[in-house]
Amino acid sequence: MTHMKTLAAVVALTAISMPAPPPADQPAASSTVVLENASVRAYRTMADALTRVPHGPGVVVWLETSLPDKDVRVLWMDDVAAPPVLAALSGPVVVVQPLRRPAAAAPQPPPESSRGNAEFAGMSFVPVFENGRVSVRRAHMDVDARESFHTHGADIVVVHVSGGEIEDTSNGKTVVNRWKPGDVEFEARGSSHSARNVGQPISVVLVELKP
């Protein structure tokens, strides 16, 4: 009987001292949320920790690349917490998860300026994939590359792979943003700006969210 009481006390003490698991809709402790709004959430983590992140569809962008023209691994996963078996599932990644579609259609912004309607000097765009939720492209900006003033026709998540310095002009104000690999920015549907690369060559992944 004494042995049973001792065992029960140990079990009770263990239950008290064990930390509560994180909520199911929150990233694991090894993940860092870098963007979150009503439409999208993005966070940095490690590829071998994907099984511990929140379940749901999303885009996974690997950050390790040594040259601007080297292919960046970008995958769509129907469930980022249940990744496919890959030969080298490792390295730092950014995960972009569309959260929900708007309940009602928002007023349409002016059509987005395309590469044929506005000057995109020193820039290249390579389609990666497209589905019902997102359209993904890789983009590269040479030194002194420029985007003329244009308006975005969709919400866009920019994942910085290389990092760099971009001079951005919006609403009459000009600032220089210094981005690091793994940084994420959100360009809202209907927003307008121009941009210029004022540093080293820059590689990014553009995730356009579909309504």
# chains A, B, ... in the order shown; residues from 1 in each chain; ligands from 1

$ residues_around --residues "Phe125 in chain A" --least-positions-apart "5" --cutoff "8 Å" --atoms "only C-alpha atoms" --output "list in words"
Arg137, Arg138, Ala139 and His140 of chain A

$ write_last_selection --atoms "N, CA and C atoms" --output "short mmCIF file (atom, residue, chain, number, x, y, z; two decimals), in the first residue's frame"
data_model
loop_
_atom_site.label_atom_id
_atom_site.label_comp_id
_atom_site.auth_asym_id
_atom_site.auth_seq_id
_atom_site.Cartn_x
_atom_site.Cartn_y
_atom_site.Cartn_z
N ARG A 137 6.52 33.19 -57.67
CA ARG A 137 7.58 33.52 -58.62
C ARG A 137 8.88 33.78 -57.86
N ARG A 138 10.00 33.49 -58.51
CA ARG A 138 11.29 33.95 -58.01
C ARG A 138 11.60 35.26 -58.72
N ALA A 139 12.18 36.20 -58.00
CA ALA A 139 12.54 37.49 -58.60
C ALA A 139 13.98 37.83 -58.23
N HIS A 140 14.68 38.48 -59.15
CA HIS A 140 16.07 38.88 -58.94
C HIS A 140 16.22 40.34 -59.33
#

$ residues_around --residues "Leu99 in chain A" --least-positions-apart "6" --cutoff "9 Å" --atoms "only C-alpha atoms" --output "ChimeraX atom specification"
/A:37-41,56-57

$ write_last_selection --atoms "C-alpha atoms" --output "compact mmCIF listing (two decimals), in the first residue's frame"
# COMPACT_ATOMS: atom_id res chain seq x y z
CA ASN A 37 -2.72 39.37 -40.55
CA ALA A 38 -6.23 38.31 -41.52
CA SER A 39 -5.08 36.76 -44.81
CA VAL A 40 -1.72 35.14 -44.15
CA ARG A 41 0.76 33.98 -41.56
CA GLY A 56 -2.51 23.64 -42.87
CA PRO A 57 -1.54 24.30 -46.49

$ closest_residue --among "A:Val176, A:Ala145, A:Val53, A:Val136" --to "Glu119 in chain A" --atoms "only C-alpha atoms"
A:Ala145

$ residues_around --residues "Ser192 in chain A" --least-positions-apart "5" --cutoff "7 Å" --atoms "only C-alpha atoms" --output "number ranges by chain"
A: 149-152, 170

$ residues_around --residues "Asp78 in chain A" --least-positions-apart "5" --cutoff "10 Å" --atoms "only C-alpha atoms" --output "PDB file with N, CA and C atoms, in the first residue's frame"
ATOM      1  N   HIS A  55      -0.768  22.720 -38.459  1.00  0.00           N
ATOM      2  CA  HIS A  55      -1.243  22.053 -39.673  1.00  0.00           C
ATOM      3  C   HIS A  55      -1.930  23.067 -40.588  1.00  0.00           C
ATOM      4  N   GLY A  56      -1.854  22.800 -41.878  1.00  0.00           N
ATOM      5  CA  GLY A  56      -2.514  23.641 -42.866  1.00  0.00           C
ATOM      6  C   GLY A  56      -1.664  23.760 -44.114  1.00  0.00           C
ATOM      7  N   PRO A  57      -2.286  24.164 -45.229  1.00  0.00           N
ATOM      8  CA  PRO A  57      -1.539  24.298 -46.487  1.00  0.00           C
ATOM      9  C   PRO A  57      -0.621  25.505 -46.462  1.00  0.00           C
ATOM     10  N   GLY A  58       0.420  25.461 -47.288  1.00  0.00           N
ATOM     11  CA  GLY A  58       1.315  26.614 -47.341  1.00  0.00           C
ATOM     12  C   GLY A  58       2.473  26.426 -48.297  1.00  0.00           C
ATOM     13  N   VAL A  59       3.234  27.509 -48.463  1.00  0.00           N
ATOM     14  CA  VAL A  59       4.433  27.541 -49.298  1.00  0.00           C
ATOM     15  C   VAL A  59       5.647  27.477 -48.384  1.00  0.00           C
ATOM     16  N   PRO A  83       5.144  17.052 -44.038  1.00  0.00           N
ATOM     17  CA  PRO A  83       5.878  17.227 -45.305  1.00  0.00           C
ATOM     18  C   PRO A  83       6.167  15.891 -45.974  1.00  0.00           C
ATOM     19  N   PRO A  84       6.337  15.898 -47.298  1.00  0.00           N
ATOM     20  CA  PRO A  84       6.709  14.674 -47.999  1.00  0.00           C
ATOM     21  C   PRO A  84       8.118  14.251 -47.605  1.00  0.00           C
TER      22      PRO A  84
END

$ closest_residue --among "A:Arg73, A:Val33, A:Arg196, A:Asp168" --to "Val143 in chain A" --atoms "only C-alpha atoms"
A:Arg196

$ closest_residue --among "A:Glu64, A:Thr169, A:His160, A:Gly199" --to "Val184 in chain A" --atoms "only C-alpha atoms"
A:His160

$ atom_distance --atom1 "CA of Pro98 in chain A" --atom2 "CA of Ile202 in chain A"
24.8 Å

$ closest_residue --among "A:Asp183, A:Gly172, A:Met141, A:Val198" --to "Val61 in chain A" --atoms "only C-alpha atoms"
A:Asp183

$ residues_around --residues "Ser31 in chain A" --least-positions-apart "6" --cutoff "12 Å" --atoms "only C-alpha atoms" --output "MDAnalysis selection string"
chainID A and resid 22 42:54 92:95

$ closest_residue --among "A:Glu36, A:Ile156, A:Ser203, A:Ala81" --to "Ser135 in chain A" --atoms "only C-alpha atoms"
A:Ile156
